[in-house]
Structures are given as structure tokens and as C-alpha cells.
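Peer 1: Take a look at my_file39.txt, compact mmCIF, C-alpha atoms (C1' of nucleotides):
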# COMPACT_ATOMS: atom_id res chain seq x y z
CA MET W 1 129.89 -181.02 -61.80
CA ASP W 2 130.56 -184.67 -62.51
CA LYS W 3 132.94 -186.07 -65.06
CA PRO W 4 130.37 -187.31 -67.62
CA GLU W 5 129.05 -183.76 -67.98
CA LEU W 6 132.56 -182.43 -68.42
CA LYS W 7 133.16 -184.99 -71.13
CA GLU W 8 130.15 -183.70 -73.00
CA ILE W 9 131.34 -180.12 -72.83
CA ILE W 10 134.79 -180.94 -74.13
CA SER W 11 133.62 -183.22 -76.92
CA GLU W 12 131.17 -180.55 -78.00
CA LEU W 13 133.97 -177.99 -78.14
CA TYR W 14 136.44 -180.34 -79.85
CA PRO W 15 134.44 -182.95 -81.73
CA HIS W 16 137.39 -184.71 -83.30
CA MET W 17 138.64 -186.19 -80.01
CA SER W 18 138.33 -189.92 -79.44
CA GLU W 19 136.66 -191.35 -76.33
CA ALA W 20 140.00 -192.67 -75.14
CA SER W 21 141.70 -189.27 -75.40
CA LEU W 22 138.78 -187.62 -73.67
CA ASP W 23 139.14 -190.07 -70.81
CA ILE W 24 142.85 -189.36 -70.48
CA PHE W 25 142.18 -185.66 -70.53
CA ILE W 26 139.43 -185.82 -67.94
CA ALA W 27 141.40 -188.02 -65.60
CA HIS W 28 143.66 -185.02 -65.03
CA ALA W 29 140.88 -182.48 -64.49
CA ASN W 30 139.69 -180.77 -61.29
CA TYR W 31 136.41 -178.99 -60.75
CA LEU W 32 136.62 -175.55 -59.08
CA ARG W 33 134.22 -172.76 -58.20
CA TYR W 34 135.19 -169.21 -57.22
CA PRO W 35 133.31 -165.97 -56.42
CA LYS W 36 133.35 -162.77 -58.47
CA GLY W 37 136.55 -160.78 -58.05
CA THR W 38 138.80 -163.80 -57.45
CA LYS W 39 142.12 -163.66 -59.26
CA ILE W 40 142.95 -167.11 -60.55
CA ILE W 41 146.24 -166.00 -62.08
CA GLN W 42 148.25 -163.10 -60.65
CA GLU W 43 150.72 -161.03 -62.63
CA GLY W 44 154.25 -162.12 -61.79
CA GLN W 45 153.30 -165.48 -60.36
CA SER W 46 154.21 -168.82 -61.82
CA HIS W 47 150.97 -170.70 -62.36
CA PRO W 48 151.25 -174.10 -64.03
CA PHE W 49 147.53 -174.61 -64.76
CA PHE W 50 145.04 -173.82 -67.45
CA TYR W 51 141.27 -173.90 -67.38
CA LEU W 52 138.05 -174.68 -69.12
CA LEU W 53 135.58 -172.02 -68.04
CA VAL W 54 132.29 -173.89 -67.52
CA THR W 55 130.05 -171.02 -66.39
CA GLY W 56 130.67 -167.34 -65.64
CA GLY W 57 133.18 -164.91 -67.09
CA VAL W 58 136.72 -163.58 -66.66
CA LYS W 59 138.94 -160.74 -67.78
CA ALA W 60 142.69 -160.81 -68.39
CA TYR W 61 144.72 -157.64 -67.93
CA TYR W 62 148.11 -156.07 -67.36
CA GLN W 63 148.56 -153.75 -64.43
CA LYS W 64 150.73 -150.63 -64.38
CA ASP W 65 150.65 -148.18 -61.52
CA ASP W 66 146.97 -148.01 -60.71
CA LYS W 67 145.74 -148.79 -64.20
CA GLU W 68 144.51 -152.00 -65.78
CA VAL W 69 144.74 -152.73 -69.49
CA CYS W 70 142.42 -155.52 -70.57
CA LEU W 71 143.71 -158.03 -73.09
CA TRP W 72 140.75 -160.36 -73.45
CA PHE W 73 137.51 -161.56 -71.96
CA ALA W 74 136.19 -165.11 -71.82
CA PHE W 75 132.84 -166.68 -70.97
CA GLU W 76 131.06 -170.05 -70.85
CA HIS W 77 132.82 -173.01 -72.44
CA GLU W 78 136.03 -171.24 -73.39
CA MET W 79 139.54 -172.52 -72.74
CA ILE W 80 141.72 -170.02 -70.87
CA GLY W 81 145.27 -169.68 -69.68
CA THR W 82 148.37 -167.76 -70.64
CA ILE W 83 151.14 -168.64 -73.03
CA ASN W 84 153.70 -168.11 -70.33
CA THR W 85 152.07 -170.55 -67.96
CA LEU W 86 151.97 -173.13 -70.75
CA GLU W 87 155.69 -172.63 -71.16
CA GLY W 88 156.27 -172.87 -67.42
CA SER W 89 157.56 -169.35 -66.75
CA SER W 90 155.68 -166.74 -64.75
CA SER W 91 152.65 -164.93 -66.06
CA ASN W 92 152.66 -161.22 -66.80
CA GLU W 93 148.92 -160.93 -66.82
CA THR W 94 146.23 -161.21 -64.18
CA ILE W 95 143.05 -163.19 -64.72
CA GLU W 96 140.11 -162.07 -62.60
CA LEU W 97 136.51 -163.29 -62.38
CA LEU W 98 133.83 -160.90 -63.65
CA GLU W 99 131.18 -163.01 -61.89
CA ASP W 100 130.91 -166.21 -59.84
CA SER W 101 132.37 -168.88 -62.10
CA GLU W 102 132.97 -172.59 -62.42
CA PHE W 103 136.15 -174.07 -63.85
CA ILE W 104 137.79 -177.27 -64.83
CA GLN W 105 141.45 -177.00 -63.99
CA PHE W 106 144.23 -178.84 -65.81
CA LYS W 107 147.80 -179.05 -64.66
CA THR W 108 150.10 -177.92 -67.47
CA GLU W 109 152.70 -180.49 -66.52
CA ASP W 110 150.22 -183.36 -66.77
CA ILE W 111 149.12 -182.19 -70.17
CA ALA W 112 152.70 -181.83 -71.35
CA GLN W 113 153.23 -185.48 -70.48
CA ILE W 114 150.03 -186.46 -72.22
CA ILE W 115 151.12 -184.66 -75.38
CA GLU W 116 154.15 -186.96 -75.43
CA LYS W 117 151.91 -189.99 -75.70
CA ASP W 118 148.64 -189.02 -77.30
CA LEU W 119 148.46 -187.64 -80.83
CA ASP W 120 144.80 -186.77 -80.53
CA ILE W 121 145.55 -184.41 -77.67
CA SER W 122 148.55 -182.99 -79.53
CA ARG W 123 146.17 -182.02 -82.27
CA LEU W 124 143.88 -180.37 -79.74
CA ILE W 125 146.75 -178.34 -78.33
CA ILE W 126 147.79 -177.31 -81.84
CA LEU W 127 144.21 -176.32 -82.59
CA LEU W 128 144.00 -174.25 -79.42
CA SER W 129 147.34 -172.53 -80.03
CA LEU W 130 146.39 -171.64 -83.58
CA GLU W 131 142.98 -170.45 -82.49
CA TYR W 132 144.57 -168.23 -79.89
CA ALA W 133 147.17 -166.92 -82.34
CA GLY W 134 144.36 -166.18 -84.80
CA PHE W 135 142.55 -164.22 -82.11
CA LEU W 136 145.68 -162.21 -81.33
CA GLU W 137 146.31 -161.52 -85.02
CA LYS W 138 142.82 -160.10 -85.33
CA ARG W 139 143.25 -157.90 -82.26
CA LEU W 140 146.58 -156.63 -83.54
CA TYR W 141 145.08 -155.82 -86.91
CA GLN W 142 142.30 -153.86 -85.23
CA LEU W 143 144.68 -151.87 -83.03
CA GLN W 144 147.06 -151.05 -85.87
CA PHE W 145 144.55 -150.45 -88.58
CA MET W 146 141.26 -149.22 -87.22
CA THR W 147 140.26 -145.99 -85.56
CA SER W 148 138.89 -146.28 -82.05
CA LYS W 149 135.38 -145.82 -83.37
CA GLU W 150 135.82 -148.64 -85.87
CA ARG W 151 137.19 -150.88 -83.13
CA TYR W 152 134.17 -150.20 -80.95
CA LEU W 153 131.74 -150.88 -83.79
CA SER W 154 133.62 -154.01 -84.68
CA LEU W 155 133.30 -155.32 -81.11
CA LEU W 156 129.65 -154.33 -81.06
CA GLU W 157 128.99 -156.31 -84.21
CA ALA W 158 131.17 -159.34 -83.51
CA GLU W 159 130.43 -159.80 -79.81
CA PRO W 160 127.49 -157.64 -78.71
CA GLU W 161 127.04 -159.81 -75.60
CA VAL W 162 130.38 -158.59 -74.26
CA LEU W 163 128.90 -155.10 -73.94
CA GLN W 164 126.27 -156.53 -71.58
CA LYS W 165 128.73 -158.48 -69.49
CA VAL W 166 131.75 -156.20 -69.11
CA SER W 167 132.06 -152.69 -67.67
CA LEU W 168 132.76 -149.85 -70.10
CA THR W 169 135.92 -149.11 -68.16
CA ASP W 170 137.26 -152.55 -69.01
CA ILE W 171 136.05 -152.36 -72.59
CA ALA W 172 137.79 -149.01 -73.02
CA SER W 173 141.12 -150.47 -71.95
CA TYR W 174 140.51 -153.50 -74.16
CA LEU W 175 139.96 -151.16 -77.11
CA GLY W 176 143.03 -149.13 -76.20
CA VAL W 177 141.27 -145.84 -75.42
CA SER W 178 140.37 -143.93 -72.28
CA ARG W 179 136.97 -144.34 -70.61
CA GLU W 180 136.07 -140.82 -71.62
CA THR W 181 136.85 -141.38 -75.28
CA LEU W 182 134.76 -144.52 -75.33
CA SER W 183 131.95 -142.62 -73.71
CA ARG W 184 132.10 -140.00 -76.47
CA ILE W 185 132.22 -142.63 -79.20
CA ARG W 186 129.10 -144.21 -77.75
CA ALA W 187 127.34 -140.86 -77.64
CA GLN W 188 127.92 -140.51 -81.40
CA VAL W 189 126.42 -143.93 -82.14
CA MET E 190 171.31 -175.56 -101.00
CA ASP E 191 171.52 -179.30 -100.39
CA LYS E 192 169.54 -181.29 -97.87
CA PRO E 193 172.35 -181.96 -95.36
CA GLU E 194 172.81 -178.21 -94.88
CA LEU E 195 169.08 -177.75 -94.40
CA LYS E 196 169.12 -180.47 -91.79
CA GLU E 197 171.77 -178.59 -89.86
CA ILE E 198 169.79 -175.37 -89.90
CA ILE E 199 166.62 -177.01 -88.64
CA SER E 200 168.31 -179.02 -85.94
CA GLU E 201 170.08 -175.89 -84.76
CA LEU E 202 166.76 -174.06 -84.55
CA TYR E 203 164.92 -176.97 -82.91
CA PRO E 204 167.47 -179.12 -81.10
CA HIS E 205 164.98 -181.55 -79.60
CA MET E 206 164.11 -183.17 -82.95
CA SER E 207 165.24 -186.71 -83.64
CA GLU E 208 167.19 -187.62 -86.80
CA ALA E 209 164.23 -189.63 -88.03
CA SER E 210 161.81 -186.73 -87.67
CA LEU E 211 164.27 -184.39 -89.32
CA ASP E 212 164.46 -186.76 -92.27
CA ILE E 213 160.68 -186.92 -92.61
CA PHE E 214 160.50 -183.17 -92.42
CA ILE E 215 163.19 -182.61 -95.00
CA ALA E 216 161.76 -185.13 -97.42
CA HIS E 217 158.88 -182.69 -97.91
CA ALA E 218 161.00 -179.58 -98.35
CA ASN E 219 161.74 -177.52 -101.49
CA TYR E 220 164.53 -175.03 -101.96
CA LEU E 221 163.52 -171.69 -103.51
CA ARG E 222 165.22 -168.40 -104.30
CA TYR E 223 163.46 -165.12 -105.17
CA PRO E 224 164.55 -161.52 -105.87
CA LYS E 225 163.80 -158.48 -103.72
CA GLY E 226 160.22 -157.26 -104.08
CA THR E 227 158.72 -160.69 -104.79
CA LYS E 228 155.46 -161.37 -102.98
CA ILE E 229 155.46 -164.96 -101.81
CA ILE E 230 152.00 -164.69 -100.24
CA GLN E 231 149.38 -162.29 -101.58
CA GLU E 232 146.51 -160.90 -99.55
CA GLY E 233 143.31 -162.75 -100.42
CA GLN E 234 145.02 -165.76 -101.95
CA SER E 235 144.89 -169.26 -100.60
CA HIS E 236 148.48 -170.36 -100.11
CA PRO E 237 149.00 -173.78 -98.53
CA PHE E 238 152.72 -173.43 -97.81
CA PHE E 239 154.99 -172.20 -95.10
CA TYR E 240 158.67 -171.41 -95.17
CA LEU E 241 161.99 -171.49 -93.46
CA LEU E 242 163.79 -168.31 -94.44
CA VAL E 243 167.41 -169.36 -95.03
CA THR E 244 168.94 -166.04 -96.06
CA GLY E 245 167.49 -162.58 -96.70
CA GLY E 246 164.49 -160.80 -95.17
CA VAL E 247 160.75 -160.29 -95.57
CA LYS E 248 157.95 -158.08 -94.34
CA ALA E 249 154.31 -159.03 -93.74
CA TYR E 250 151.61 -156.40 -94.11
CA TYR E 251 147.95 -155.63 -94.62
CA GLN E 252 146.98 -153.38 -97.48
CA LYS E 253 144.12 -150.87 -97.45
CA ASP E 254 143.61 -148.38 -100.24
CA ASP E 255 147.17 -147.31 -101.01
CA LYS E 256 148.57 -147.91 -97.54
CA GLU E 257 150.52 -150.77 -96.07
CA VAL E 258 150.51 -151.66 -92.39
CA CYS E 259 153.40 -153.90 -91.41
CA LEU E 260 152.72 -156.71 -88.97
CA TRP E 261 156.12 -158.31 -88.67
CA PHE E 262 159.56 -158.71 -90.21
CA ALA E 263 161.65 -161.86 -90.45
CA PHE E 264 165.26 -162.60 -91.35
CA GLU E 265 167.75 -165.45 -91.58
CA HIS E 266 166.72 -168.79 -90.07
CA GLU E 267 163.20 -167.83 -89.08
CA MET E 268 160.06 -169.84 -89.78
CA ILE E 269 157.38 -167.85 -91.56
CA GLY E 270 153.82 -168.29 -92.75
CA THR E 271 150.36 -167.16 -91.75
CA ILE E 272 147.88 -168.74 -89.41
CA ASN E 273 145.26 -168.72 -92.11
CA THR E 274 147.40 -170.65 -94.54
CA LEU E 275 148.09 -173.22 -91.83
CA GLU E 276 144.35 -173.60 -91.42
CA GLY E 277 143.82 -173.83 -95.17
CA SER E 278 141.77 -170.68 -95.71
CA SER E 279 143.00 -167.64 -97.63
CA SER E 280 145.53 -165.23 -96.23
CA ASN E 281 144.68 -161.65 -95.39
CA GLU E 282 148.26 -160.51 -95.34
CA THR E 283 150.93 -160.08 -97.99
CA ILE E 284 154.49 -161.30 -97.50
CA GLU E 285 157.08 -159.47 -99.60
CA LEU E 286 160.86 -159.83 -99.84
CA LEU E 287 162.94 -156.94 -98.48
CA GLU E 288 165.99 -158.33 -100.29
CA ASP E 289 166.96 -161.31 -102.45
CA SER E 290 166.16 -164.31 -100.29
CA GLU E 291 166.42 -168.08 -100.08
CA PHE E 292 163.67 -170.28 -98.71
CA ILE E 293 162.80 -173.80 -97.84
CA GLN E 294 159.18 -174.34 -98.67
CA PHE E 295 156.90 -176.84 -96.91
CA LYS E 296 153.48 -177.82 -98.08
CA THR E 297 151.00 -177.34 -95.23
CA GLU E 298 149.03 -180.40 -96.27
CA ASP E 299 152.10 -182.63 -96.11
CA ILE E 300 152.93 -181.36 -92.68
CA ALA E 301 149.37 -181.86 -91.48
CA GLN E 302 149.68 -185.51 -92.47
CA ILE E 303 153.03 -185.79 -90.76
CA ILE E 304 151.57 -184.40 -87.56
CA GLU E 305 149.17 -187.33 -87.58
CA LYS E 306 152.03 -189.77 -87.44
CA ASP E 307 154.99 -188.12 -85.78
CA LEU E 308 154.86 -186.86 -82.21
CA ASP E 309 158.20 -185.16 -82.48
CA ILE E 310 156.93 -182.96 -85.27
CA SER E 311 153.70 -182.32 -83.36
CA ARG E 312 155.80 -180.94 -80.58
CA LEU E 313 157.65 -178.72 -83.05
CA ILE E 314 154.39 -177.34 -84.40
CA ILE E 315 153.15 -176.70 -80.87
CA LEU E 316 156.41 -174.95 -80.07
CA LEU E 317 156.14 -172.78 -83.17
CA SER E 318 152.50 -171.88 -82.50
CA LEU E 319 153.23 -170.92 -78.93
CA GLU E 320 156.29 -168.95 -79.96
CA TYR E 321 154.21 -167.06 -82.50
CA ALA E 322 151.39 -166.46 -80.02
CA GLY E 323 153.97 -165.18 -77.54
CA PHE E 324 155.29 -162.78 -80.14
CA LEU E 325 151.78 -161.51 -80.86
CA GLU E 326 151.03 -161.09 -77.16
CA LYS E 327 154.10 -158.94 -76.79
CA ARG E 328 153.16 -156.79 -79.79
CA LEU E 329 149.64 -156.37 -78.47
CA TYR E 330 150.96 -155.34 -75.08
CA GLN E 331 153.19 -152.75 -76.70
CA LEU E 332 150.43 -151.29 -78.84
CA GLN E 333 147.93 -151.12 -75.98
CA PHE E 334 150.25 -150.06 -73.23
CA MET E 335 153.18 -148.07 -74.56
CA THR E 336 153.43 -144.64 -76.11
CA SER E 337 154.82 -144.51 -79.62
CA LYS E 338 158.16 -143.30 -78.27
CA GLU E 339 158.36 -146.23 -75.86
CA ARG E 340 157.50 -148.63 -78.67
CA TYR E 341 160.30 -147.21 -80.83
CA LEU E 342 162.83 -147.42 -78.01
CA SER E 343 161.70 -150.93 -77.23
CA LEU E 344 162.29 -152.00 -80.83
CA LEU E 345 165.62 -150.22 -80.84
CA GLU E 346 166.72 -152.11 -77.76
CA ALA E 347 165.27 -155.52 -78.55
CA GLU E 348 166.08 -155.67 -82.28
CA PRO E 349 168.45 -152.87 -83.29
CA GLU E 350 169.37 -154.77 -86.47
CA VAL E 351 165.83 -154.28 -87.79
CA LEU E 352 166.50 -150.55 -87.99
CA GLN E 353 169.35 -151.28 -90.38
CA LYS E 354 167.39 -153.65 -92.55
CA VAL E 355 163.94 -152.11 -92.87
CA SER E 356 162.84 -148.73 -94.20
CA LEU E 357 161.55 -146.19 -91.70
CA THR E 358 158.28 -146.10 -93.61
CA ASP E 359 157.75 -149.78 -92.87
CA ILE E 360 158.91 -149.44 -89.28
CA ALA E 361 156.48 -146.58 -88.75
CA SER E 362 153.54 -148.70 -89.87
CA TYR E 363 154.82 -151.59 -87.75
CA LEU E 364 154.84 -149.29 -84.72
CA GLY E 365 151.40 -147.97 -85.58
CA VAL E 366 152.39 -144.34 -86.27
CA SER E 367 152.85 -142.18 -89.36
CA ARG E 368 156.26 -141.80 -91.01
CA GLU E 369 156.37 -138.19 -89.91
CA THR E 370 155.72 -139.00 -86.26
CA LEU E 371 158.45 -141.63 -86.29
CA SER E 372 160.78 -139.10 -87.82
CA ARG E 373 160.08 -136.68 -84.96
CA ILE E 374 160.51 -139.34 -82.34
CA ARG E 375 163.91 -140.15 -83.81
CA ALA E 376 164.87 -136.48 -83.80
CA GLN E 377 164.26 -136.42 -80.03
CA VAL E 378 166.48 -139.46 -79.38
C1' DT V 379 113.61 -145.86 -48.76
C1' DT V 380 118.14 -143.49 -47.62
C1' DG V 381 122.83 -143.01 -48.03
C1' DC V 382 126.98 -144.61 -49.99
C1' DT V 383 129.87 -146.38 -53.61
C1' DT V 384 130.81 -147.32 -58.26
C1' DT V 385 130.10 -146.50 -62.99
C1' DT V 386 129.22 -143.58 -66.78
C1' DG V 387 128.85 -139.16 -69.12
C1' DT V 388 130.39 -134.10 -70.19
C1' DG V 389 132.97 -129.84 -70.54
C1' DA V 390 137.37 -127.45 -70.97
C1' DC V 391 141.83 -127.55 -72.06
C1' DA V 392 146.49 -129.59 -73.09
C1' DA V 393 149.21 -132.94 -75.45
C1' DA V 394 149.97 -136.16 -79.08
C1' DT V 395 149.40 -137.44 -83.61
C1' DG V 396 147.88 -137.16 -88.46
C1' DT V 397 147.86 -134.70 -92.80
C1' DC V 398 149.56 -131.94 -96.41
C1' DA V 399 153.25 -129.54 -98.62
C1' DA V 400 157.83 -128.61 -99.31
C1' DA V 401 162.82 -129.27 -98.49
C1' DT V 402 166.67 -132.12 -97.82
C1' DG V 403 169.23 -136.33 -98.09
C1' DT V 404 170.45 -140.75 -100.18
C1' DA V 405 170.60 -144.37 -103.88
C1' DT V 406 170.56 -145.82 -108.31
C1' DT V 407 171.22 -145.81 -113.14
C1' DG V 408 172.60 -144.49 -117.51
C1' DC G 409 179.26 -137.38 -113.18
C1' DA G 410 174.53 -135.81 -113.81
C1' DA G 411 169.87 -136.89 -113.58
C1' DT G 412 166.31 -139.07 -111.57
C1' DA G 413 163.74 -141.56 -108.26
C1' DC G 414 163.03 -142.67 -103.66
C1' DA G 415 163.40 -142.04 -98.57
C1' DT G 416 163.52 -139.05 -94.81
C1' DT G 417 162.93 -134.79 -92.38
C1' DT G 418 160.66 -130.47 -91.21
C1' DG G 419 156.97 -126.87 -90.72
C1' DA G 420 152.16 -125.45 -90.29
C1' DC G 421 147.88 -126.64 -89.06
C1' DA G 422 143.70 -129.67 -88.10
C1' DT G 423 142.06 -133.56 -85.64
C1' DT G 424 142.02 -136.89 -82.21
C1' DT G 425 142.69 -138.27 -77.80
C1' DG G 426 144.01 -137.88 -72.91
C1' DT G 427 143.54 -135.61 -68.53
C1' DC G 428 141.30 -133.34 -64.92
C1' DA G 429 137.21 -131.89 -62.66
C1' DC G 430 132.74 -132.58 -61.77
C1' DA G 431 127.82 -134.07 -62.70
C1' DA G 432 124.52 -137.62 -63.51
C1' DA G 433 123.06 -142.34 -63.28
C1' DA G 434 123.06 -146.92 -61.63
C1' DG G 435 124.00 -150.44 -58.24
C1' DC G 436 124.07 -151.98 -53.53
C1' DA G 437 123.64 -152.39 -48.48
C1' DA G 438 121.64 -150.95 -44.19
Rewrite the coordinates I just gave you, this time as C-alpha cells.

Peer 2:
Amino acid sequence: MDKPELKEIISELYPHMSEASLDIFIAHANYLRYPKGTKIIQEGQSHPFFYLLVTGGVKAYYQKDDKEVCLWFAFEHEMIGTINTLEGSSSNETIELLEDSEFIQFKTEDIAQIIEKDLDISRLIILLSLEYAGFLEKRLYQLQFMTSKERYLSLLEAEPEVLQKVSLTDIASYLGVSRETLSRIRAQV
Amino acid sequence: MDKPELKEIISELYPHMSEASLDIFIAHANYLRYPKGTKIIQEGQSHPFFYLLVTGGVKAYYQKDDKEVCLWFAFEHEMIGTINTLEGSSSNETIELLEDSEFIQFKTEDIAQIIEKDLDISRLIILLSLEYAGFLEKRLYQLQFMTSKERYLSLLEAEPEVLQKVSLTDIASYLGVSRETLSRIRAQV
DNA sequence: TTGCTTTTGTGACAAATGTCAAATGTATTG
DNA sequence: CAATACATTTGACATTTGTCACAAAAGCAA
């Protein structure tokens, strides 16, 4: 993947950015490619990077004993990372590739310095943070308010492609129910 | 409440801000005071403001039929608002005063313009967004991962003062259980 | 294909939680 | 203080969900 192509992807995702800001941003980017199963961020590790997922897919989860609880999934052209890594402390989630994937990696520290100087990029970071907070608010609402069946139907309607790309085991933990319960919900529908 | 006092509160909360940025910020602030029970943001309304809660307390909740589900509580010297109002669209939560409270109100639009010009304030907004996202991540983790008893104990340990300030009915909905279940959990402890 | 592993689905039962109704406790107001 | 409203607790029972065990289906490598 060469830099012009990367520029296109980013400016498509965030159209308000100026050419100059895009250039600054891209100057700090690295292209990476990893196979399915790779863990790009490990629970408990400090990891001062965040990523633009170019192709492929990932899942983020907490681990406890031998169980995983999925927090989110991401696919082509999504920005990923964890709040904690943005703040510099260690992550409490693991991010693992669902399939072979390509990334653009940014060093958090570089970006922090850029924020100091470039308003355009500040706006992008604000946009991303608010987008992420909006996503979390929605998830929280679903977990507190909806029954497990409603949550499943809601996922099915809002992001049917996720059902094709992610195992039911992972989706069950994402929805906050056991595999078996999800299986029974699906049998009803 | 006069402006010098407000300046102190903000600079205590966000020590990195320069005098100049504080002044800009405060120039756009309004002092308000409302009685217990007032709803400063109503579900479904567009509400282009956010607030610094100076004294008192509030709860934020979704409403469905005749039930409320609490999302968060806030008290003295906390910043409050909703993502949706920051983005300009209508809110889907209600914010109601738990007691007589004093606020500093900021107009979202003003602040959006300030962000364009003042990097210091951009950083503050980024800080606030990340802080809020961190809070939501923690809540999500608790709801997906912990039993209701663990969630109650976690609240008791992390924010025991909330138990004094908020009704058990509201705390139950915040924890995602019925009043009765919370009552039984408390009987065990 | 065969054999092996992983994923998904089902049944039976136990545990947790919700719901409804009633009792008790606590504030508030005249 | 009494009277009333509101908040909390408790009991009985229905419903949901989790857990364990195992069966069926799908994916994968030799």
C-alpha cells in the first residue's frame, strides 16, 4: 500500500481535512499486514499506537479465566485503538484479527504532538472521540434496556454483515449472553 | 456566582489551561440555578448547551413507557451534557436535578467556534471526550462482565457517596436490575 | 475422501432475576 | 402530632438465563 492510496482512504473517511493536514498525518503512518489470529494489542500491555484498518477484520475483548467477552468488532476502513492507549496507560482489552488484515499504524505520541500544532487534526480527534463515545452510549443503552432477543434483532438489522463475519460464540459474548442462549434466540427467529 | 470564582473552578478541574483560554471560555458562560426535579434536557429535544455543575446533583436517564433507566449521575464540579447535543442533533436522554443545583451553561455552538481558534480548548474537549468514553467503557465492562452483586459492590467501593445521594430505585436502574433485586443484594451484604 | 477439530444446536436442570402484591419504614406537610 | 405520600423491603411465583452434557453440522488438513 503506497501513501497516495492511504491519503484517499483517510480523506474519504474524514472529508473535512485539508491536504496539508493529511500530509502531516500520513508522514507518521506505517503500513502493516498480519495473519488471522494475531493479537495487535494484548490485555495488560502498554501499546502506544492506534490503527486504521484497511482490509480485514478484528475483535476486541476482555479475558477472564478462560472466557472472552467481546466489546466490539471492526472491519474495512475503520479507525481502531483503545482509550487507554490514547492516554498512554496500559490496555485492558485484547485486539485480535478475525482474518488476515492490513493496517496503517500511527504512533500515539506523534499524534499527540501533531494535535498541539494542527487544528484540523484536533478536530479529527474530537470527531473520533465523540463517534466512539456515541457508539458506547448506544451499546450501553442496548445492554441496560433491551432484552437479549431485542439486542440480537437490533444487531441483525443494524449490521447484518457482522453475522457473516464473526462467530456466534463471539457475537454471544458481545450481546452479553451465553452461546446457548443466543442459539435458542436464533431458533425462535 | 461571579466569573472569578468560576475561573477558579475550571482551572482546578483542568489545570493545563492558559489564562487566555480560560477567559475565552468564561466569556461564553452563563450562571443558572434550578430547583430539584427540574429537567434541564428532555428526551427528544434538541438542546445545544452543555454544563458545568457547580453545586447539587443530577441524573441522566432514558424513558420507556413508565420506566426510567438511569445512565449516569453527576455532582459538584462535573461537566455534563450529551454526545448528541454536542453534535447538534436531539438528545435521547433526560437530565433531571436530584436536588437544587447551580450550573454554568455553555452554548455548544460558541464552543465549536472556539475550538476552531484555540488549541488549548481543543485539548480540553479532547480530554473531556476521552474521559467520558473511558467512563462508558468501564460501565460497559461492568454490565457485560459482572454479576449484579459485583456491580453493586463495585459502585459501593468506587463511589460510596452516590449511595447517600441517589434513591435505590435510580441506582437499581443504573445497575441494570429491578429495585427488588437490588434490595435483596443489599440484604446479603 | 477420511478423520479430526471447531462451531453450533438441544435437552435437562439449577440458579438468578423479574413481576406482582403486600408490609414496613421514612419523609414531608399541614 | 397525625396523616399522607413516597421509598424500601419481603414473600410467592413465573420467566429467563446459565451450566453441563452431548449431538449434529461445518470447516480443515492429510

Peer 1: Around (126.7, -149.0, -50.4) in the file's frame, which residues reach within 7 Å when counting all atoms listed in the file? Return as number ranges by chain?

Peer 2: V: 382-383; G: 436-437

Peer 1: Only C-alpha atoms (C1' of nucleotides), please: the residues just picked out, written as an mmCIF file, keeping the file's coordinate frame.

Peer 2:
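File produced: out-v8.cif:
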data_model
loop_
_atom_site.group_PDB
_atom_site.id
_atom_site.type_symbol
_atom_site.label_atom_id
_atom_site.label_comp_id
_atom_site.auth_asym_id
_atom_site.auth_seq_id
_atom_site.Cartn_x
_atom_site.Cartn_y
_atom_site.Cartn_z
ATOM 1 C "C1'" DC V 382 126.980 -144.610 -49.990
ATOM 2 C "C1'" DT V 383 129.870 -146.380 -53.610
ATOM 3 C "C1'" DC G 436 124.070 -151.980 -53.530
ATOM 4 C "C1'" DA G 437 123.640 -152.390 -48.480
#

Peer 1: Just give me the gap between atom CA of Val58 of chain W and atom CA of Ile185 of chain W in Å, one decimal is fine.

Peer 2: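 A separation of 24.8 Å between them.
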
Peer 1: Would you tabulate, counting all atoms listed in the file, all residues of chain W that have an atom at most 9 Å from an atom of chain E, showing the closest pair of atoms and their distance in Å to one decimal, sorted by chain then ascending number, as CSV?

Peer 2:
residue,atom,partner,partner_atom,distance
W:Tyr62,CA,E:Tyr330,CA,8.3
W:Lys64,CA,E:Phe334,CA,8.9
W:Val69,CA,E:Phe334,CA,7.2
W:Cys70,CA,E:Gln333,CA,8.9
W:Leu71,CA,E:Tyr330,CA,8.0
W:Ile83,CA,E:Gly323,CA,6.3
W:Asn84,CA,E:Gly323,CA,7.8
W:Leu86,CA,E:Leu319,CA,8.6
W:Glu87,CA,E:Leu319,CA,8.3
W:Ile115,CA,E:Arg312,CA,7.9
W:Glu116,CA,E:Leu308,CA,6.8
W:Lys117,CA,E:Leu308,CA,7.8
W:Asp118,CA,E:Leu308,CA,8.2
W:Leu119,CA,E:Leu308,CA,6.6
W:Asp120,CA,E:Glu305,CA,8.3
W:Ser122,CA,E:Ser311,CA,6.5
W:Arg123,CA,E:Ser311,CA,7.6
W:Ile125,CA,E:Ile315,CA,7.1
W:Ile126,CA,E:Ile315,CA,5.5
W:Ser129,CA,E:Ser318,CA,5.8
W:Leu130,CA,E:Ser318,CA,6.2
W:Glu131,CA,E:Ile272,CA,8.6
W:Tyr132,CA,E:Ala322,CA,7.0
W:Ala133,CA,E:Ala322,CA,4.8
W:Gly134,CA,E:Ile272,CA,6.3
W:Leu136,CA,E:Leu325,CA,6.2
W:Glu137,CA,E:Leu325,CA,6.9
W:Arg139,CA,E:Leu329,CA,7.6
W:Leu140,CA,E:Leu329,CA,5.9
W:Tyr141,CA,E:Leu260,CA,8.0
W:Leu143,CA,E:Leu332,CA,7.1
W:Gln144,CA,E:Gly365,CA,5.3
W:Phe145,CA,E:Val258,CA,7.2
W:Ser173,CA,E:Gln333,CA,7.9
W:Tyr174,CA,E:Gln333,CA,8.0
W:Leu175,CA,E:Gln333,CA,8.0
W:Gly176,CA,E:Gln333,CA,5.3
W:Val177,CA,E:Gln333,CA,8.5

Peer 1: Counting all atoms listed in the file, a student should be able to say which residues of chain W come within 9 Å of chain V; what is the right answer, written as number ranges by chain?

Peer 2: W: 167-169, 179-180, 183-184, 187

Peer 1: Where does chain G meet chain W within 10 Å, residue by residue, with the nearest atom pair and distance in Å to one decimal for each, counting only C-alpha atoms (C1' of nucleotides), listed by chain and rising number, as a tab-separated table?

Peer 2:
residue	atom	partner	partner_atom	distance
G:DT424	C1'	W:Thr181	CA	9.7
G:DT425	C1'	W:Thr181	CA	7.1
G:DG426	C1'	W:Ser178	CA	7.1
G:DT427	C1'	W:Glu180	CA	9.6

Peer 1: Between atom CA of Glu348 of chain E and atom CA of Ile229 of chain E, what is the distance, to one decimal in Å?

Peer 2: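 These two atoms are separated by 24.1 Å.
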
Peer 1: Which value, in Å to one decimal, gives the distance between atom CA of Asn281 of chain E and atom CA of Ile230 of chain E?

Peer 2: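 If I compute the distance from atom CA of Asn281 of chain E to atom CA of Ile230 of chain E, I get 9.3 Å.
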
Peer 1: Using all atoms listed in the file, which residues sit within 8 Å of Glu267 of chain E once same-chain residues fewer than 6 positions away are excluded, as a list in words?

Peer 2: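 Once the nearby chain positions are removed, what remains is Leu241, Leu242 and Val243 of chain E.
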
Peer 1: Pick from E:Ile269, E:Tyr220, E:Leu345, E:Lys327: nearest to Glu194 of chain E, with all atoms listed in the file counted?

Peer 2: E:Tyr220
